[in-house]
Amino acid sequence: MKIIPLKEGNFSTDKVKDFTLLTDENKDTVKGIKMSVQPFLIITENDYILLDAGIGWKNEKGQVVLLEILKENNILPGQITKLLLSHLHKDHIETSITRTETGFEPTFPNAEIYIQRRELDFALENKGNHSFDFDTLEKLIQLPNITWMEDDQGKISDEISYEVVGGHTPYMQIFRISENDETVFYGADDLPQASYLKYHLAYKSDFDGRKAMELRLKWQQEAIGNHWKVLLYHDLDNAVLEL
């Protein structure tokens, strides 16, 4: 199994969830919550698996950063076979679609996209919530290759399992990918940074901060006992944590 972090950058985000790229010039002065945006590509014998789809950040040349990192690793968008979405906040779904002169198209045309239906229902009931980009979301759910997930837990394939855990959002789901005695664990925004394991806090930014905190304590013990590689979507400095 190969893990490729697809880091779009480190950002500051404000109360209305606008993202500002942190640079050497502004990193000490810009206000807001600081976090990375860092999807992951997991390559197994059977699949090219994309864990969340980032914010669609573009570099100074107007190129989508996530796609440029794939290109640097000699991977084409058409090689992605599965796109697993933990939840539907805008910094996790944007690169799933590409806007064109005539509309939009899937960025990863051969990927099956896995979406928790109850998470979509929650998003659509919260129009006006700045955490969601409803234009992108409404386009995303029109794509042809979507598997609508209904269950609380299960297996997508022999290697991939999922569980609806809540916490950050009511129906956020986490993923485990196992192959050849190696397991990667993706706790998405319930476990976005290594510091969340150091400071046991219930964060107000979560839908249910106490539940997210309790899940982190449970996962920490499981990760230590089972030697998981923990993927950190929002960590400023780290991508993979081995406990």
# chains A, B, ... in the order shown; residues from 1 in each chain; ligands from 1
call {"tool": "residues_around", "arguments": {"residues": "A:Asn226", "least_positions_apart": "3", "cutoff": "12 Å", "atoms": "only C-alpha atoms", "output": "list in words"}}
result
Ser178, Asp181, Glu182, Thr183, Val184, Phe185, Trp219, Gln220, Gln221, Glu222, Ala223, Lys229, Val230, Glu242 and Leu243 of chain A
call {"tool": "write_last_selection", "arguments": {"atoms": "all heavy atoms", "output": "compact mmCIF listing (two decimals), in the first residue's frame"}}
result
# COMPACT_ATOMS: atom_id res chain seq x y z
N SER A 178 -7.07 -1.61 4.76
CA SER A 178 -6.12 -2.62 5.22
C SER A 178 -5.65 -3.48 4.07
O SER A 178 -6.46 -3.92 3.24
CB SER A 178 -6.75 -3.51 6.30
OG SER A 178 -7.12 -2.74 7.43
N ASP A 181 -1.34 -6.75 6.12
CA ASP A 181 -1.04 -6.49 7.53
C ASP A 181 -0.72 -5.01 7.82
O ASP A 181 -0.11 -4.68 8.84
CB ASP A 181 0.14 -7.35 8.02
CG ASP A 181 -0.18 -8.84 7.94
OD1 ASP A 181 -1.32 -9.21 8.26
OD2 ASP A 181 0.71 -9.62 7.55
N GLU A 182 -1.12 -4.12 6.93
CA GLU A 182 -0.96 -2.68 7.14
C GLU A 182 -2.34 -2.03 7.11
O GLU A 182 -3.15 -2.33 6.24
CB GLU A 182 -0.07 -2.09 6.05
CG GLU A 182 0.19 -0.60 6.19
CD GLU A 182 1.05 -0.06 5.06
OE1 GLU A 182 1.20 -0.75 4.03
OE2 GLU A 182 1.57 1.06 5.21
N THR A 183 -2.60 -1.13 8.07
CA THR A 183 -3.89 -0.43 8.12
C THR A 183 -3.67 1.07 8.22
O THR A 183 -2.89 1.55 9.04
CB THR A 183 -4.72 -0.89 9.34
OG1 THR A 183 -5.05 -2.29 9.20
CG2 THR A 183 -6.03 -0.10 9.44
N VAL A 184 -4.36 1.79 7.33
CA VAL A 184 -4.41 3.24 7.48
C VAL A 184 -5.79 3.60 7.99
O VAL A 184 -6.80 3.00 7.61
CB VAL A 184 -4.11 3.98 6.16
CG1 VAL A 184 -2.71 3.68 5.68
CG2 VAL A 184 -5.12 3.65 5.09
N PHE A 185 -5.82 4.58 8.87
CA PHE A 185 -7.06 5.04 9.50
C PHE A 185 -7.26 6.51 9.18
O PHE A 185 -6.36 7.33 9.35
CB PHE A 185 -6.98 4.86 11.02
CG PHE A 185 -8.16 5.44 11.75
CD1 PHE A 185 -9.36 4.77 11.81
CD2 PHE A 185 -8.05 6.69 12.37
CE1 PHE A 185 -10.45 5.33 12.48
CE2 PHE A 185 -9.13 7.24 13.03
CZ PHE A 185 -10.33 6.56 13.09
N TRP A 219 -9.95 5.80 19.51
CA TRP A 219 -9.11 5.53 18.34
C TRP A 219 -7.62 5.55 18.70
O TRP A 219 -6.83 4.79 18.14
CB TRP A 219 -9.38 6.55 17.24
CG TRP A 219 -10.76 6.45 16.67
CD1 TRP A 219 -11.57 5.34 16.62
CD2 TRP A 219 -11.50 7.52 16.05
NE1 TRP A 219 -12.76 5.65 16.02
CE2 TRP A 219 -12.74 6.97 15.65
CE3 TRP A 219 -11.23 8.86 15.80
CZ2 TRP A 219 -13.71 7.74 15.01
CZ3 TRP A 219 -12.18 9.63 15.16
CH2 TRP A 219 -13.41 9.06 14.77
N GLN A 220 -7.25 6.42 19.62
CA GLN A 220 -5.84 6.49 20.02
C GLN A 220 -5.37 5.15 20.57
O GLN A 220 -4.30 4.66 20.21
CB GLN A 220 -5.64 7.60 21.05
CG GLN A 220 -4.18 7.81 21.45
CD GLN A 220 -4.03 9.00 22.36
OE1 GLN A 220 -4.97 9.43 23.04
NE2 GLN A 220 -2.83 9.57 22.41
N GLN A 221 -6.18 4.55 21.42
CA GLN A 221 -5.83 3.25 21.98
C GLN A 221 -5.81 2.17 20.90
O GLN A 221 -4.92 1.30 20.89
CB GLN A 221 -6.80 2.88 23.10
CG GLN A 221 -6.73 3.79 24.32
CD GLN A 221 -5.32 3.88 24.88
OE1 GLN A 221 -4.67 2.86 25.12
NE2 GLN A 221 -4.84 5.10 25.11
N GLU A 222 -6.77 2.21 20.01
CA GLU A 222 -6.82 1.23 18.93
C GLU A 222 -5.63 1.39 17.99
O GLU A 222 -5.05 0.40 17.52
CB GLU A 222 -8.13 1.36 18.14
CG GLU A 222 -9.35 0.93 18.93
CD GLU A 222 -10.63 1.08 18.15
OE1 GLU A 222 -10.71 1.99 17.29
OE2 GLU A 222 -11.55 0.29 18.38
N ALA A 223 -5.26 2.62 17.71
CA ALA A 223 -4.13 2.88 16.82
C ALA A 223 -2.83 2.37 17.41
O ALA A 223 -1.99 1.78 16.72
CB ALA A 223 -4.03 4.37 16.51
N LYS A 229 -1.61 3.52 10.79
CA LYS A 229 -1.11 4.78 10.30
C LYS A 229 -2.29 5.73 10.21
O LYS A 229 -3.25 5.47 9.49
CB LYS A 229 -0.44 4.60 8.94
CG LYS A 229 0.83 3.76 9.01
CD LYS A 229 1.48 3.60 7.65
CE LYS A 229 2.77 2.80 7.76
NZ LYS A 229 3.41 2.60 6.43
N VAL A 230 -2.24 6.82 10.97
CA VAL A 230 -3.35 7.76 11.10
C VAL A 230 -3.13 8.94 10.15
O VAL A 230 -2.08 9.60 10.19
CB VAL A 230 -3.48 8.25 12.55
CG1 VAL A 230 -4.62 9.25 12.68
CG2 VAL A 230 -3.70 7.06 13.50
N GLU A 242 2.16 7.74 13.10
CA GLU A 242 2.29 6.34 13.46
C GLU A 242 2.46 6.25 14.98
O GLU A 242 3.43 6.77 15.53
CB GLU A 242 3.48 5.70 12.75
CG GLU A 242 3.33 5.70 11.23
CD GLU A 242 4.41 4.91 10.52
OE1 GLU A 242 4.67 3.76 10.96
OE2 GLU A 242 4.98 5.42 9.54
N LEU A 243 1.48 5.60 15.62
CA LEU A 243 1.49 5.52 17.09
C LEU A 243 2.07 4.20 17.56
O LEU A 243 2.03 3.20 16.86
CB LEU A 243 0.06 5.70 17.62
CG LEU A 243 -0.60 7.03 17.27
CD1 LEU A 243 -2.03 7.06 17.75
CD2 LEU A 243 0.18 8.18 17.90
call {"tool": "residues_around", "arguments": {"residues": "stretch 123-135 of chain A", "least_positions_apart": "2", "cutoff": "9 Å", "atoms": "only C-alpha atoms", "output": "number ranges by chain"}}
result
A: 15-18, 88-91, 93-94, 118-121, 137-140
call {"tool": "residues_around", "arguments": {"residues": "A:Ala202", "least_positions_apart": "2", "cutoff": "12 Å", "atoms": "only C-alpha atoms", "output": "PyMOL selection string"}}
result
chain A and resi 167-168+190-191+196-197+199-200+204-217
call {"tool": "write_last_selection", "arguments": {"atoms": "N, CA, C and O atoms", "output": "PDB file, in the first residue's frame"}}
result
ATOM      1  N   GLY A 167     -19.988  13.330  15.337  1.00  0.00           N
ATOM      2  CA  GLY A 167     -18.953  14.171  15.935  1.00  0.00           C
ATOM      3  C   GLY A 167     -18.870  15.514  15.231  1.00  0.00           C
ATOM      4  O   GLY A 167     -19.629  16.432  15.550  1.00  0.00           O
ATOM      5  N   HIS A 168     -17.980  15.637  14.290  1.00  0.00           N
ATOM      6  CA  HIS A 168     -17.787  16.908  13.587  1.00  0.00           C
ATOM      7  C   HIS A 168     -19.054  17.334  12.851  1.00  0.00           C
ATOM      8  O   HIS A 168     -19.430  18.506  12.850  1.00  0.00           O
ATOM      9  N   ASP A 190     -12.900  14.524  12.796  1.00  0.00           N
ATOM     10  CA  ASP A 190     -12.913  14.137  14.211  1.00  0.00           C
ATOM     11  C   ASP A 190     -11.491  14.001  14.742  1.00  0.00           C
ATOM     12  O   ASP A 190     -11.248  14.167  15.935  1.00  0.00           O
ATOM     13  N   LEU A 191     -10.554  13.683  13.858  1.00  0.00           N
ATOM     14  CA  LEU A 191      -9.138  13.588  14.226  1.00  0.00           C
ATOM     15  C   LEU A 191      -8.305  14.232  13.115  1.00  0.00           C
ATOM     16  O   LEU A 191      -7.618  13.574  12.353  1.00  0.00           O
ATOM     17  N   TYR A 196      -4.825  17.083  18.531  1.00  0.00           N
ATOM     18  CA  TYR A 196      -6.102  16.657  19.102  1.00  0.00           C
ATOM     19  C   TYR A 196      -5.942  15.445  20.006  1.00  0.00           C
ATOM     20  O   TYR A 196      -6.825  15.155  20.827  1.00  0.00           O
ATOM     21  N   LEU A 197      -4.843  14.711  19.860  1.00  0.00           N
ATOM     22  CA  LEU A 197      -4.572  13.573  20.730  1.00  0.00           C
ATOM     23  C   LEU A 197      -3.799  13.993  21.976  1.00  0.00           C
ATOM     24  O   LEU A 197      -3.726  13.234  22.945  1.00  0.00           O
ATOM     25  N   TYR A 199      -4.304  17.220  23.497  1.00  0.00           N
ATOM     26  CA  TYR A 199      -5.221  18.016  24.313  1.00  0.00           C
ATOM     27  C   TYR A 199      -6.626  17.437  24.155  1.00  0.00           C
ATOM     28  O   TYR A 199      -7.216  17.525  23.084  1.00  0.00           O
ATOM     29  N   HIS A 200      -7.131  16.839  25.189  1.00  0.00           N
ATOM     30  CA  HIS A 200      -8.429  16.161  25.124  1.00  0.00           C
ATOM     31  C   HIS A 200      -9.541  17.184  25.389  1.00  0.00           C
ATOM     32  O   HIS A 200      -9.953  17.422  26.523  1.00  0.00           O
ATOM     33  N   LYS A 204     -15.944  23.506  20.057  1.00  0.00           N
ATOM     34  CA  LYS A 204     -17.229  24.112  19.729  1.00  0.00           C
ATOM     35  C   LYS A 204     -17.497  24.113  18.225  1.00  0.00           C
ATOM     36  O   LYS A 204     -18.636  24.276  17.793  1.00  0.00           O
ATOM     37  N   SER A 205     -16.447  23.966  17.440  1.00  0.00           N
ATOM     38  CA  SER A 205     -16.618  23.938  15.989  1.00  0.00           C
ATOM     39  C   SER A 205     -17.243  22.633  15.503  1.00  0.00           C
ATOM     40  O   SER A 205     -17.653  22.536  14.341  1.00  0.00           O
ATOM     41  N   ASP A 206     -17.309  21.629  16.362  1.00  0.00           N
ATOM     42  CA  ASP A 206     -17.925  20.346  16.004  1.00  0.00           C
ATOM     43  C   ASP A 206     -19.411  20.354  16.334  1.00  0.00           C
ATOM     44  O   ASP A 206     -19.850  20.996  17.295  1.00  0.00           O
ATOM     45  N   PHE A 207     -20.186  19.596  15.584  1.00  0.00           N
ATOM     46  CA  PHE A 207     -21.613  19.444  15.872  1.00  0.00           C
ATOM     47  C   PHE A 207     -21.809  18.838  17.254  1.00  0.00           C
ATOM     48  O   PHE A 207     -22.671  19.265  18.016  1.00  0.00           O
ATOM     49  N   ASP A 208     -21.008  17.825  17.584  1.00  0.00           N
ATOM     50  CA  ASP A 208     -21.043  17.184  18.899  1.00  0.00           C
ATOM     51  C   ASP A 208     -19.596  17.011  19.352  1.00  0.00           C
ATOM     52  O   ASP A 208     -18.978  15.971  19.121  1.00  0.00           O
ATOM     53  N   GLY A 209     -19.053  18.054  19.972  1.00  0.00           N
ATOM     54  CA  GLY A 209     -17.647  18.061  20.350  1.00  0.00           C
ATOM     55  C   GLY A 209     -17.287  17.000  21.358  1.00  0.00           C
ATOM     56  O   GLY A 209     -16.202  16.423  21.294  1.00  0.00           O
ATOM     57  N   ARG A 210     -18.184  16.710  22.294  1.00  0.00           N
ATOM     58  CA  ARG A 210     -17.884  15.694  23.305  1.00  0.00           C
ATOM     59  C   ARG A 210     -17.775  14.310  22.666  1.00  0.00           C
ATOM     60  O   ARG A 210     -16.884  13.531  23.005  1.00  0.00           O
ATOM     61  N   LYS A 211     -18.667  14.010  21.736  1.00  0.00           N
ATOM     62  CA  LYS A 211     -18.595  12.719  21.063  1.00  0.00           C
ATOM     63  C   LYS A 211     -17.301  12.590  20.275  1.00  0.00           C
ATOM     64  O   LYS A 211     -16.647  11.538  20.293  1.00  0.00           O
ATOM     65  N   ALA A 212     -16.912  13.646  19.566  1.00  0.00           N
ATOM     66  CA  ALA A 212     -15.665  13.615  18.812  1.00  0.00           C
ATOM     67  C   ALA A 212     -14.476  13.384  19.737  1.00  0.00           C
ATOM     68  O   ALA A 212     -13.554  12.626  19.410  1.00  0.00           O
ATOM     69  N   MET A 213     -14.480  14.026  20.898  1.00  0.00           N
ATOM     70  CA  MET A 213     -13.402  13.849  21.864  1.00  0.00           C
ATOM     71  C   MET A 213     -13.342  12.401  22.350  1.00  0.00           C
ATOM     72  O   MET A 213     -12.265  11.793  22.429  1.00  0.00           O
ATOM     73  N   GLU A 214     -14.493  11.834  22.655  1.00  0.00           N
ATOM     74  CA  GLU A 214     -14.530  10.443  23.125  1.00  0.00           C
ATOM     75  C   GLU A 214     -14.069   9.472  22.042  1.00  0.00           C
ATOM     76  O   GLU A 214     -13.375   8.485  22.330  1.00  0.00           O
ATOM     77  N   LEU A 215     -14.424   9.754  20.802  1.00  0.00           N
ATOM     78  CA  LEU A 215     -13.977   8.905  19.700  1.00  0.00           C
ATOM     79  C   LEU A 215     -12.459   8.953  19.563  1.00  0.00           C
ATOM     80  O   LEU A 215     -11.810   7.926  19.329  1.00  0.00           O
ATOM     81  N   ARG A 216     -11.874  10.127  19.704  1.00  0.00           N
ATOM     82  CA  ARG A 216     -10.425  10.252  19.589  1.00  0.00           C
ATOM     83  C   ARG A 216      -9.701   9.422  20.642  1.00  0.00           C
ATOM     84  O   ARG A 216      -8.682   8.773  20.359  1.00  0.00           O
ATOM     85  N   LEU A 217     -10.210   9.431  21.872  1.00  0.00           N
ATOM     86  CA  LEU A 217      -9.600   8.635  22.935  1.00  0.00           C
ATOM     87  C   LEU A 217      -9.653   7.145  22.592  1.00  0.00           C
ATOM     88  O   LEU A 217      -8.682   6.410  22.791  1.00  0.00           O
TER      89      LEU A 217
END
call {"tool": "residues_around", "arguments": {"residues": "stretch 21-35 of chain A", "least_positions_apart": "2", "cutoff": "9 Å", "atoms": "only C-alpha atoms", "output": "PyMOL selection string"}}
result
chain A and resi 9-15+19+37+192-193+233-236
call {"tool": "write_last_selection", "arguments": {"atoms": "all heavy atoms", "output": "CSV table (one decimal), in the first residue's frame"}}
result
chain,number,residue,atom,x,y,z
A,9,GLY,N,-2.1,23.1,0.8
A,9,GLY,CA,-1.5,24.3,1.4
A,9,GLY,C,-1.9,24.4,2.9
A,9,GLY,O,-2.8,23.6,3.4
A,10,ASN,N,-1.3,25.3,3.6
A,10,ASN,CA,-1.8,25.7,4.9
A,10,ASN,C,-2.6,27.0,4.8
A,10,ASN,O,-2.2,27.9,4.0
A,10,ASN,CB,-0.6,26.0,5.9
A,10,ASN,CG,0.1,24.7,6.2
A,10,ASN,OD1,-0.5,23.6,6.2
A,10,ASN,ND2,1.4,24.8,6.6
A,11,PHE,N,-3.7,27.1,5.5
A,11,PHE,CA,-4.7,28.2,5.3
A,11,PHE,C,-5.1,28.7,6.7
A,11,PHE,O,-4.9,28.1,7.7
A,11,PHE,CB,-5.9,27.7,4.6
A,11,PHE,CG,-5.6,27.1,3.2
A,11,PHE,CD1,-5.3,25.8,3.0
A,11,PHE,CD2,-5.7,28.0,2.1
A,11,PHE,CE1,-5.1,25.3,1.8
A,11,PHE,CE2,-5.4,27.5,0.9
A,11,PHE,CZ,-5.1,26.1,0.7
A,12,SER,N,-5.7,29.9,6.6
A,12,SER,CA,-6.4,30.5,7.7
A,12,SER,C,-7.9,30.6,7.3
A,12,SER,O,-8.1,31.0,6.1
A,12,SER,CB,-5.9,31.9,8.1
A,12,SER,OG,-6.7,32.5,9.1
A,13,THR,N,-8.8,30.2,8.2
A,13,THR,CA,-10.2,30.3,7.8
A,13,THR,C,-10.9,31.2,8.8
A,13,THR,O,-10.6,31.1,10.0
A,13,THR,CB,-10.9,29.0,7.7
A,13,THR,OG1,-12.2,29.1,7.3
A,13,THR,CG2,-10.8,28.2,9.0
A,14,ASP,N,-11.9,32.0,8.4
A,14,ASP,CA,-12.6,32.9,9.3
A,14,ASP,C,-14.0,32.4,9.6
A,14,ASP,O,-14.3,31.3,9.3
A,14,ASP,CB,-12.6,34.3,8.7
A,14,ASP,CG,-13.3,34.3,7.3
A,14,ASP,OD1,-14.1,33.4,7.0
A,14,ASP,OD2,-13.1,35.3,6.5
A,15,LYS,N,-14.8,33.3,10.2
A,15,LYS,CA,-16.1,32.8,10.7
A,15,LYS,C,-17.0,32.4,9.5
A,15,LYS,O,-18.0,31.7,9.8
A,15,LYS,CB,-16.7,34.0,11.5
A,15,LYS,CG,-16.0,34.2,12.8
A,15,LYS,CD,-16.7,35.3,13.6
A,15,LYS,CE,-16.0,35.5,15.0
A,15,LYS,NZ,-16.7,36.6,15.8
A,19,PHE,N,-11.2,30.9,3.0
A,19,PHE,CA,-9.9,30.4,3.2
A,19,PHE,C,-8.8,31.3,2.6
A,19,PHE,O,-9.0,31.8,1.5
A,19,PHE,CB,-9.7,29.0,2.6
A,19,PHE,CG,-10.4,27.9,3.4
A,19,PHE,CD1,-11.7,27.8,3.4
A,19,PHE,CD2,-9.6,27.0,4.2
A,19,PHE,CE1,-12.4,26.8,4.1
A,19,PHE,CE2,-10.2,26.0,4.9
A,19,PHE,CZ,-11.6,25.9,4.9
A,37,VAL,N,-5.1,21.8,4.3
A,37,VAL,CA,-6.1,21.1,3.6
A,37,VAL,C,-5.3,20.0,2.8
A,37,VAL,O,-4.5,20.3,1.9
A,37,VAL,CB,-6.9,21.9,2.6
A,37,VAL,CG1,-7.9,21.0,1.8
A,37,VAL,CG2,-7.7,23.0,3.4
A,192,PRO,N,-8.4,15.6,13.0
A,192,PRO,CA,-7.7,16.3,11.9
A,192,PRO,C,-6.3,16.6,12.1
A,192,PRO,O,-5.6,16.9,11.1
A,192,PRO,CB,-8.6,17.5,11.8
A,192,PRO,CG,-9.0,17.8,13.2
A,192,PRO,CD,-9.2,16.5,13.8
A,193,GLN,N,-5.8,16.7,13.4
A,193,GLN,CA,-4.5,17.2,13.7
A,193,GLN,C,-3.9,16.3,14.8
A,193,GLN,O,-4.7,15.9,15.7
A,193,GLN,CB,-4.5,18.6,14.1
A,193,GLN,CG,-5.0,19.6,13.0
A,193,GLN,CD,-4.9,21.0,13.4
A,193,GLN,OE1,-4.6,21.4,14.5
A,193,GLN,NE2,-5.3,21.9,12.5
A,233,TYR,N,-5.8,15.2,8.1
A,233,TYR,CA,-6.3,16.1,7.0
A,233,TYR,C,-5.9,17.5,7.2
A,233,TYR,O,-5.7,18.3,6.2
A,233,TYR,CB,-7.8,15.9,6.8
A,233,TYR,CG,-8.4,16.5,5.5
A,233,TYR,CD1,-8.4,15.7,4.4
A,233,TYR,CD2,-8.9,17.8,5.5
A,233,TYR,CE1,-8.9,16.2,3.2
A,233,TYR,CE2,-9.4,18.3,4.3
A,233,TYR,CZ,-9.4,17.5,3.2
A,233,TYR,OH,-10.0,18.0,2.0
A,234,HIS,N,-6.0,18.0,8.4
A,234,HIS,CA,-5.8,19.4,8.7
A,234,HIS,C,-4.6,19.8,9.5
A,234,HIS,O,-4.4,20.9,9.9
A,234,HIS,CB,-7.0,20.0,9.4
A,234,HIS,CG,-8.3,20.1,8.6
A,234,HIS,ND1,-8.3,20.8,7.4
A,234,HIS,CD2,-9.5,19.7,8.8
A,234,HIS,CE1,-9.5,20.8,6.9
A,234,HIS,NE2,-10.3,20.1,7.7
A,235,ASP,N,-3.6,18.9,9.6
A,235,ASP,CA,-2.4,19.2,10.4
A,235,ASP,C,-1.5,20.1,9.6
A,235,ASP,O,-1.2,19.8,8.4
A,235,ASP,CB,-1.7,17.9,10.8
A,235,ASP,CG,-0.8,18.1,11.9
A,235,ASP,OD1,0.3,18.7,11.7
A,235,ASP,OD2,-1.1,17.6,13.0
A,236,LEU,N,-1.0,21.1,10.2
A,236,LEU,CA,-0.1,22.1,9.5
A,236,LEU,C,1.2,21.5,9.1
A,236,LEU,O,1.8,21.9,8.1
A,236,LEU,CB,0.1,23.3,10.4
A,236,LEU,CG,-1.1,24.2,10.6
A,236,LEU,CD1,-0.8,25.1,11.8
A,236,LEU,CD2,-1.5,24.9,9.4
call {"tool": "residues_around", "arguments": {"residues": "A:Asp47", "least_positions_apart": "6", "cutoff": "10 Å", "atoms": "only C-alpha atoms", "output": "JSON list (two decimals) with N, CA, C and O atoms, in the first residue's frame"}}
result
[["chain", "number", "residue", "atom", "x", "y", "z"],
["A", 1, "MET", "N", 0.84, -1.19, 0.00],
["A", 1, "MET", "CA", 0.00, 0.00, 0.00],
["A", 1, "MET", "C", 0.88, 1.24, 0.00],
["A", 1, "MET", "O", 1.88, 1.31, 0.71],
["A", 41, "LEU", "N", -4.20, 10.14, -1.29],
["A", 41, "LEU", "CA", -4.37, 9.06, -2.26],
["A", 41, "LEU", "C", -3.75, 7.80, -1.69],
["A", 41, "LEU", "O", -2.59, 7.81, -1.27],
["A", 79, "GLN", "N", -7.17, 7.61, -13.44],
["A", 79, "GLN", "CA", -6.73, 6.40, -12.74],
["A", 79, "GLN", "C", -7.41, 6.22, -11.38],
["A", 79, "GLN", "O", -7.36, 5.13, -10.81],
["A", 80, "ILE", "N", -7.99, 7.29, -10.86],
["A", 80, "ILE", "CA", -8.67, 7.19, -9.56],
["A", 80, "ILE", "C", -9.90, 6.31, -9.71],
["A", 80, "ILE", "O", -10.75, 6.55, -10.56],
["A", 81, "THR", "N", -10.00, 5.28, -8.87],
["A", 81, "THR", "CA", -11.13, 4.34, -8.97],
["A", 81, "THR", "C", -12.19, 4.58, -7.92],
["A", 81, "THR", "O", -13.36, 4.24, -8.14],
["A", 82, "LYS", "N", -11.82, 5.15, -6.78],
["A", 82, "LYS", "CA", -12.79, 5.40, -5.71],
["A", 82, "LYS", "C", -12.51, 6.75, -5.07],
["A", 82, "LYS", "O", -11.35, 7.08, -4.77],
["A", 111, "ALA", "N", -13.98, 7.28, -11.33],
["A", 111, "ALA", "CA", -14.08, 6.99, -9.90],
["A", 111, "ALA", "C", -15.53, 6.80, -9.47],
["A", 111, "ALA", "O", -16.41, 7.60, -9.83],
["A", 157, "SER", "N", -15.09, -2.69, 0.04],
["A", 157, "SER", "CA", -14.37, -3.76, -0.64],
["A", 157, "SER", "C", -13.70, -4.60, 0.44],
["A", 157, "SER", "O", -13.85, -4.32, 1.64],
["A", 159, "GLU", "N", -10.75, -4.52, 1.22],
["A", 159, "GLU", "CA", -9.74, -3.70, 1.89],
["A", 159, "GLU", "C", -10.32, -2.50, 2.64],
["A", 159, "GLU", "O", -9.69, -2.00, 3.57]]
call {"tool": "select_by_dssp", "arguments": {"residues": "chain A", "states": "strand (DSSP E or B)", "output": "PyMOL selection string"}}
result
chain A and resi 2-5+9-13+19-21+33-37+40-43+48-51+58+64+82-84+97-100+103-106+112-116+146-149+153-155+160-164+173-179+182-186+229-231+240-242
call {"tool": "residues_around", "arguments": {"residues": "A:Ile69", "least_positions_apart": "5", "cutoff": "9 Å", "atoms": "only C-alpha atoms", "output": "MDAnalysis selection string"}}
result
chainID A and resid 5:8 64 74:75
call {"tool": "closest_residue", "arguments": {"among": "A:Phe104, A:Tyr48, A:Tyr114, A:Trp57", "to": "A:Gly78", "atoms": "only C-alpha atoms"}}
result
A:Tyr48
call {"tool": "residues_around", "arguments": {"residues": "A:Lys155", "least_positions_apart": "3", "cutoff": "12 Å", "atoms": "only C-alpha atoms", "output": "PyMOL selection string"}}
result
chain A and resi 114+149+151-152+158-164+174-178
call {"tool": "select_by_dssp", "arguments": {"residues": "stretch 126-237 of chain A", "states": "alpha helix (DSSP H)", "output": "MDAnalysis selection string"}}
result
chainID A and resid 134:140 209:226
call {"tool": "closest_residue", "arguments": {"among": "A:Ile141, A:Ile156, A:Ile4, A:Leu84", "to": "A:Glu72", "atoms": "only C-alpha atoms"}}
result
A:Ile4
